[in-house]
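Below: final.tsv (TSV, N, CA and C atoms)
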chain	number	residue	atom	x	y	z
A	1	ALA	N	-12.04	128.56	-48.20
A	1	ALA	CA	-13.21	128.70	-49.04
A	1	ALA	C	-14.50	128.74	-48.22
A	2	SER	N	-14.39	128.53	-46.92
A	2	SER	CA	-15.57	128.49	-46.07
A	2	SER	C	-16.37	129.78	-46.16
A	3	GLY	N	-17.67	129.63	-46.34
A	3	GLY	CA	-18.55	130.78	-46.36
A	3	GLY	C	-18.59	131.55	-47.65
A	4	HIS	N	-17.93	131.09	-48.68
A	4	HIS	CA	-17.88	131.83	-49.94
A	4	HIS	C	-18.77	131.26	-51.03
A	5	PHE	N	-19.69	130.37	-50.66
A	5	PHE	CA	-20.55	129.73	-51.64
A	5	PHE	C	-22.02	129.99	-51.32
A	6	ASP	N	-22.75	130.50	-52.29
A	6	ASP	CA	-24.19	130.64	-52.12
A	6	ASP	C	-24.85	129.28	-52.25
A	7	GLY	N	-24.31	128.48	-53.15
A	7	GLY	CA	-24.85	127.15	-53.38
A	7	GLY	C	-23.78	126.24	-53.96
A	8	ILE	N	-23.99	124.95	-53.80
A	8	ILE	CA	-23.06	123.96	-54.34
A	8	ILE	C	-23.86	122.95	-55.14
A	9	LEU	N	-23.35	122.60	-56.30
A	9	LEU	CA	-23.94	121.57	-57.15
A	9	LEU	C	-22.97	120.39	-57.20
A	10	MET	N	-23.44	119.24	-56.75
A	10	MET	CA	-22.60	118.04	-56.75
A	10	MET	C	-23.33	116.94	-57.51
A	11	TYR	N	-23.07	116.90	-58.80
A	11	TYR	CA	-23.69	115.92	-59.68
A	11	TYR	C	-22.62	114.90	-60.07
A	12	ALA	N	-22.90	113.64	-59.83
A	12	ALA	CA	-21.98	112.54	-60.18
A	12	ALA	C	-20.64	112.67	-59.45
A	13	VAL	N	-20.70	113.00	-58.16
A	13	VAL	CA	-19.48	113.19	-57.38
A	13	VAL	C	-19.40	112.24	-56.18
A	14	ILE	N	-20.47	112.16	-55.42
A	14	ILE	CA	-20.44	111.45	-54.13
A	14	ILE	C	-19.96	110.01	-54.26
A	15	HIS	N	-20.47	109.27	-55.23
A	15	HIS	CA	-20.07	107.87	-55.34
A	15	HIS	C	-18.59	107.72	-55.67
A	16	HIS	N	-18.01	108.68	-56.35
A	16	HIS	CA	-16.57	108.64	-56.63
A	16	HIS	C	-15.76	108.91	-55.36
A	17	LEU	N	-16.19	109.88	-54.57
A	17	LEU	CA	-15.50	110.16	-53.31
A	17	LEU	C	-15.64	108.99	-52.35
A	18	LEU	N	-16.82	108.43	-52.29
A	18	LEU	CA	-17.12	107.33	-51.38
A	18	LEU	C	-16.35	106.06	-51.74
A	19	ILE	N	-16.38	105.68	-53.00
A	19	ILE	CA	-15.80	104.40	-53.41
A	19	ILE	C	-14.35	104.54	-53.86
A	20	THR	N	-14.09	105.42	-54.80
A	20	THR	CA	-12.74	105.55	-55.35
A	20	THR	C	-11.76	106.12	-54.32
A	21	ALA	N	-12.15	107.23	-53.69
A	21	ALA	CA	-11.27	107.86	-52.71
A	21	ALA	C	-11.43	107.26	-51.31
A	22	GLN	N	-12.45	106.45	-51.12
A	22	GLN	CA	-12.75	105.78	-49.85
A	22	GLN	C	-12.90	106.76	-48.69
A	23	ILE	N	-13.58	107.86	-48.96
A	23	ILE	CA	-13.88	108.83	-47.92
A	23	ILE	C	-15.26	108.50	-47.37
A	24	PRO	N	-15.39	108.28	-46.07
A	24	PRO	CA	-16.70	107.96	-45.50
A	24	PRO	C	-17.70	109.10	-45.72
A	25	LEU	N	-18.95	108.75	-45.97
A	25	LEU	CA	-19.97	109.76	-46.25
A	25	LEU	C	-20.08	110.81	-45.15
A	26	PRO	N	-20.06	110.46	-43.87
A	26	PRO	CA	-20.12	111.53	-42.85
A	26	PRO	C	-19.00	112.56	-42.98
A	27	GLN	N	-17.82	112.15	-43.41
A	27	GLN	CA	-16.72	113.10	-43.60
A	27	GLN	C	-16.95	113.98	-44.83
A	28	ILE	N	-17.53	113.40	-45.87
A	28	ILE	CA	-17.87	114.18	-47.07
A	28	ILE	C	-18.89	115.25	-46.70
A	29	VAL	N	-19.91	114.85	-45.96
A	29	VAL	CA	-20.97	115.79	-45.55
A	29	VAL	C	-20.40	116.89	-44.67
A	30	GLU	N	-19.53	116.53	-43.77
A	30	GLU	CA	-18.91	117.53	-42.88
A	30	GLU	C	-18.10	118.55	-43.69
A	31	LEU	N	-17.35	118.08	-44.67
A	31	LEU	CA	-16.59	118.99	-45.53
A	31	LEU	C	-17.52	119.94	-46.28
A	32	ILE	N	-18.59	119.40	-46.84
A	32	ILE	CA	-19.56	120.24	-47.55
A	32	ILE	C	-20.13	121.29	-46.61
A	33	SER	N	-20.46	120.88	-45.39
A	33	SER	CA	-21.05	121.82	-44.43
A	33	SER	C	-20.08	122.93	-44.05
A	34	LYS	N	-18.77	122.61	-44.01
A	34	LYS	CA	-17.77	123.62	-43.67
A	34	LYS	C	-17.64	124.69	-44.75
A	35	LEU	N	-18.05	124.37	-45.97
A	35	LEU	CA	-18.07	125.38	-47.03
A	35	LEU	C	-19.22	126.35	-46.83
A	36	ASN	N	-20.16	125.98	-45.96
A	36	ASN	CA	-21.27	126.82	-45.52
A	36	ASN	C	-22.16	127.32	-46.65
A	37	PRO	N	-22.57	126.44	-47.56
A	37	PRO	CA	-23.46	126.89	-48.63
A	37	PRO	C	-24.87	127.11	-48.10
A	38	ALA	N	-25.56	128.08	-48.68
A	38	ALA	CA	-26.97	128.30	-48.32
A	38	ALA	C	-27.83	127.15	-48.83
A	39	CYS	N	-27.45	126.60	-49.98
A	39	CYS	CA	-28.21	125.49	-50.55
A	39	CYS	C	-27.26	124.52	-51.25
A	40	LEU	N	-27.80	123.34	-51.49
A	40	LEU	CA	-27.01	122.26	-52.07
A	40	LEU	C	-27.91	121.45	-53.00
A	41	ILE	N	-27.44	121.21	-54.20
A	41	ILE	CA	-28.09	120.26	-55.11
A	41	ILE	C	-27.11	119.12	-55.27
A	42	ILE	N	-27.57	117.93	-54.90
A	42	ILE	CA	-26.66	116.80	-54.86
A	42	ILE	C	-27.35	115.56	-55.40
A	43	GLU	N	-26.56	114.72	-56.02
A	43	GLU	CA	-27.10	113.50	-56.62
A	43	GLU	C	-26.75	112.29	-55.76
A	44	TYR	N	-27.77	111.49	-55.48
A	44	TYR	CA	-27.58	110.19	-54.83
A	44	TYR	C	-27.59	109.14	-55.93
A	45	VAL	N	-26.59	108.28	-55.94
A	45	VAL	CA	-26.48	107.22	-56.94
A	45	VAL	C	-26.74	105.89	-56.25
A	46	GLU	N	-27.74	105.18	-56.73
A	46	GLU	CA	-28.09	103.87	-56.17
A	46	GLU	C	-26.97	102.86	-56.42
A	47	PRO	N	-26.73	101.95	-55.49
A	47	PRO	CA	-25.72	100.91	-55.72
A	47	PRO	C	-26.00	100.05	-56.95
A	48	GLN	N	-27.23	100.05	-57.46
A	48	GLN	CA	-27.57	99.29	-58.67
A	48	GLN	C	-27.15	100.01	-59.95
A	49	ASP	N	-26.75	101.26	-59.83
A	49	ASP	CA	-26.31	102.04	-60.97
A	49	ASP	C	-25.07	101.40	-61.59
A	50	GLU	N	-24.98	101.41	-62.91
A	50	GLU	CA	-23.86	100.77	-63.61
A	50	GLU	C	-22.50	101.35	-63.21
A	51	MET	N	-22.40	102.68	-63.08
A	51	MET	CA	-21.13	103.28	-62.68
A	51	MET	C	-20.77	102.90	-61.25
A	52	PHE	N	-21.75	102.88	-60.38
A	52	PHE	CA	-21.52	102.48	-58.99
A	52	PHE	C	-20.96	101.05	-58.96
A	53	LYS	N	-21.60	100.16	-59.71
A	53	LYS	CA	-21.15	98.76	-59.75
A	53	LYS	C	-19.74	98.64	-60.35
A	54	THR	N	-19.45	99.45	-61.35
A	54	THR	CA	-18.12	99.43	-61.96
A	54	THR	C	-17.06	99.87	-60.95
A	55	LEU	N	-17.36	100.91	-60.19
A	55	LEU	CA	-16.42	101.39	-59.19
A	55	LEU	C	-16.21	100.39	-58.06
A	56	LEU	N	-17.26	99.66	-57.72
A	56	LEU	CA	-17.15	98.68	-56.63
A	56	LEU	C	-16.19	97.54	-56.94
A	57	ARG	N	-16.20	97.06	-58.17
A	57	ARG	CA	-15.32	95.98	-58.60
A	57	ARG	C	-15.26	94.83	-57.59
A	58	GLY	N	-16.42	94.28	-57.26
A	58	GLY	CA	-16.47	93.12	-56.39
A	58	GLY	C	-16.43	93.41	-54.90
A	59	ARG	N	-16.54	94.68	-54.52
A	59	ARG	CA	-16.50	95.04	-53.09
A	59	ARG	C	-17.89	95.42	-52.58
A	60	GLU	N	-18.92	94.81	-53.14
A	60	GLU	CA	-20.31	95.16	-52.79
A	60	GLU	C	-20.59	95.07	-51.30
A	61	ASP	N	-20.01	94.08	-50.63
A	61	ASP	CA	-20.26	93.90	-49.20
A	61	ASP	C	-19.81	95.10	-48.37
A	62	LEU	N	-18.77	95.79	-48.82
A	62	LEU	CA	-18.27	96.95	-48.08
A	62	LEU	C	-19.25	98.12	-48.08
A	63	TYR	N	-20.13	98.16	-49.08
A	63	TYR	CA	-21.08	99.27	-49.21
A	63	TYR	C	-22.53	98.82	-49.11
A	64	ALA	N	-22.75	97.69	-48.45
A	64	ALA	CA	-24.11	97.17	-48.29
A	64	ALA	C	-24.99	98.13	-47.48
A	65	PHE	N	-24.39	98.95	-46.64
A	65	PHE	CA	-25.11	99.91	-45.80
A	65	PHE	C	-25.62	101.11	-46.59
A	66	PHE	N	-25.07	101.35	-47.78
A	66	PHE	CA	-25.35	102.58	-48.52
A	66	PHE	C	-26.72	102.50	-49.18
A	67	ASN	N	-27.64	103.33	-48.70
A	67	ASN	CA	-28.99	103.39	-49.23
A	67	ASN	C	-29.53	104.81	-49.04
A	68	PRO	N	-30.71	105.11	-49.59
A	68	PRO	CA	-31.23	106.48	-49.47
A	68	PRO	C	-31.42	106.95	-48.02
A	69	THR	N	-31.85	106.06	-47.15
A	69	THR	CA	-32.06	106.44	-45.75
A	69	THR	C	-30.75	106.85	-45.09
A	70	TYR	N	-29.69	106.07	-45.31
A	70	TYR	CA	-28.38	106.41	-44.76
A	70	TYR	C	-27.90	107.74	-45.32
A	71	PHE	N	-28.03	107.92	-46.63
A	71	PHE	CA	-27.63	109.15	-47.30
A	71	PHE	C	-28.34	110.35	-46.68
A	72	GLU	N	-29.67	110.27	-46.56
A	72	GLU	CA	-30.46	111.37	-46.02
A	72	GLU	C	-30.11	111.63	-44.56
A	73	ASN	N	-29.91	110.58	-43.78
A	73	ASN	CA	-29.56	110.76	-42.37
A	73	ASN	C	-28.22	111.47	-42.20
A	74	CYS	N	-27.26	111.13	-43.02
A	74	CYS	CA	-25.95	111.79	-42.94
A	74	CYS	C	-26.07	113.29	-43.23
A	75	PHE	N	-26.87	113.64	-44.21
A	75	PHE	CA	-27.01	115.06	-44.57
A	75	PHE	C	-27.91	115.82	-43.62
A	76	SER	N	-28.82	115.14	-42.94
A	76	SER	CA	-29.81	115.82	-42.10
A	76	SER	C	-29.19	116.53	-40.91
A	77	LYS	N	-27.97	116.22	-40.55
A	77	LYS	CA	-27.31	116.91	-39.44
A	77	LYS	C	-27.08	118.39	-39.77
A	78	TYR	N	-26.81	118.69	-41.03
A	78	TYR	CA	-26.48	120.06	-41.44
A	78	TYR	C	-27.47	120.68	-42.42
A	79	PHE	N	-28.25	119.83	-43.09
A	79	PHE	CA	-29.11	120.32	-44.16
A	79	PHE	C	-30.54	119.84	-43.99
A	80	GLU	N	-31.46	120.66	-44.47
A	80	GLU	CA	-32.88	120.32	-44.52
A	80	GLU	C	-33.20	119.85	-45.93
A	81	MET	N	-33.85	118.71	-46.05
A	81	MET	CA	-34.26	118.21	-47.36
A	81	MET	C	-35.47	119.03	-47.81
A	82	VAL	N	-35.34	119.71	-48.91
A	82	VAL	CA	-36.42	120.53	-49.44
A	82	VAL	C	-37.20	119.76	-50.50
A	83	GLU	N	-36.47	119.12	-51.38
A	83	GLU	CA	-37.12	118.40	-52.49
A	83	GLU	C	-36.18	117.31	-52.99
A	84	LYS	N	-36.78	116.23	-53.45
A	84	LYS	CA	-35.98	115.21	-54.13
A	84	LYS	C	-36.73	114.74	-55.35
A	85	GLN	N	-35.97	114.44	-56.38
A	85	GLN	CA	-36.54	114.04	-57.66
A	85	GLN	C	-35.84	112.79	-58.16
A	86	ASN	N	-36.59	111.69	-58.26
A	86	ASN	CA	-36.03	110.48	-58.84
A	86	ASN	C	-35.88	110.67	-60.34
A	87	LEU	N	-34.76	110.22	-60.86
A	87	LEU	CA	-34.52	110.28	-62.30
A	87	LEU	C	-35.00	108.96	-62.89
A	88	ASP	N	-36.02	109.02	-63.70
A	88	ASP	CA	-36.66	107.82	-64.21
A	88	ASP	C	-35.77	106.98	-65.13
A	89	PHE	N	-34.85	107.60	-65.81
A	89	PHE	CA	-34.06	106.91	-66.82
A	89	PHE	C	-32.81	106.23	-66.26
A	90	ILE	N	-32.41	106.58	-65.03
A	90	ILE	CA	-31.28	105.94	-64.37
A	90	ILE	C	-31.58	105.84	-62.87
A	91	PRO	N	-30.94	104.91	-62.16
A	91	PRO	CA	-31.22	104.77	-60.72
A	91	PRO	C	-30.48	105.81	-59.87
A	92	ARG	N	-30.90	107.04	-60.04
A	92	ARG	CA	-30.30	108.16	-59.31
A	92	ARG	C	-31.39	109.12	-58.85
A	93	THR	N	-31.08	109.89	-57.81
A	93	THR	CA	-32.03	110.85	-57.25
A	93	THR	C	-31.31	112.17	-57.04
A	94	LEU	N	-31.95	113.27	-57.43
A	94	LEU	CA	-31.41	114.61	-57.17
A	94	LEU	C	-32.09	115.16	-55.93
A	95	TYR	N	-31.29	115.75	-55.05
A	95	TYR	CA	-31.79	116.37	-53.82
A	95	TYR	C	-31.50	117.86	-53.86
A	96	TYR	N	-32.48	118.61	-53.41
A	96	TYR	CA	-32.29	120.04	-53.17
A	96	TYR	C	-32.38	120.21	-51.66
A	97	MET	N	-31.32	120.76	-51.06
A	97	MET	CA	-31.24	120.92	-49.62
A	97	MET	C	-30.88	122.36	-49.27
A	98	LYS	N	-31.33	122.79	-48.11
A	98	LYS	CA	-30.96	124.09	-47.58
A	98	LYS	C	-30.23	123.90	-46.27
A	99	ARG	N	-29.30	124.77	-46.02
A	99	ARG	CA	-28.52	124.74	-44.79
A	99	ARG	C	-29.45	124.98	-43.60
A	100	LYS	N	-29.27	124.21	-42.54
A	100	LYS	CA	-30.08	124.42	-41.31
A	100	LYS	C	-29.59	125.64	-40.58
Please go through the file and, once you have read it, give me the structure as structure tokens.
Amino acid sequence: ASGHFDGILMYAVIHHLLITAQIPLPQIVELISKLNPACLIIEYVEPQDEMFKTLLRGREDLYAFFNPTYFENCFSKYFEMVEKQNLDFIPRTLYYMKRK
């Protein structure tokens, strides 16, 4: 599938891959980059989010490192942050990124 995507939309996905599937964020980012999208719209879910807390089920210490800075740093290797929009009604942020 590499190179066959103009853009990728990942809404309500990352926290499931990170926590449920236990895939480290750098590996998730690397996989996304291998698809070679020109742009990416992706949602960052704060650890305070109810779904995030539900998925953690008492494993908060394992994800204490997970914050917006870590998220942005992981993506910055392959993508340029163009815009981010905090969602006022839930603790989540949408990012629009372009491939470097």
Legend entry - Near-stretch 80-97 of chain A list (6 Å; all atoms listed in the file; drop same-chain fewer than 2 positions) as a PyMOL selection string: chain A and resi 38-46+49+76+78+99-100
Inset, instruction - Would you please work out which residue, of A:His16, A:Ser2, A:Val29, A:Tyr70, is nearest to A:Leu55 when using only N, CA and C atoms? - result: A:His16
Inset, instruction - Could you jot down the atom CA of A:Met10 to atom CA of A:Phe65 separation for me, Å, one decimal place? - result: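 Distance reported for this atom pair: 21.3 Å.
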So for stretch 24-32 of chain A, what box centre and size do we get, axis-aligned, 3 Å extra on each of the six sides, every listed atom, Å to one decimal, as JSON?
{"center_x": -18.2, "center_y": 114.6, "center_z": -45.2, "size_x": 11.6, "size_y": 19.3, "size_z": 10.7}
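In this structure, atom N of A:Met51 sits 22.7 Å away from atom CA of A:Phe75.
Straight-line separation from atom C of A:His4 to atom C of A:Asn67: 28.6 Å.
Considering only C-alpha atoms, the residue among A:Pro37, A:Leu31, A:Phe5, A:His15 positioned nearest to A:Leu56 is A:His15.
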Inset, instruction - Would you mind writing down, as a list in words, each residue of chain A that DSSP on the backbone assigns to alpha helix (DSSP H)? - result: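 So, restricting chain A to alpha helix (DSSP H), we get Ile14, His15, Leu25, Pro26, Gln27, Ile28, Val29, Glu30, Leu31, Ile32, Ser33, Lys34, Glu50, Met51, Phe52, Lys53, Thr54, Leu55, Leu56, Pro68, Thr69, Tyr70, Phe71, Glu72, Asn73, Cys74, Phe75 and Ser76 of chain A.
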Legend entry - Expected answer as a PyMOL selection string: strand (DSSP E or B) residues in stretch 7-88 of chain A: chain A and resi 7-10+39-45+79-87
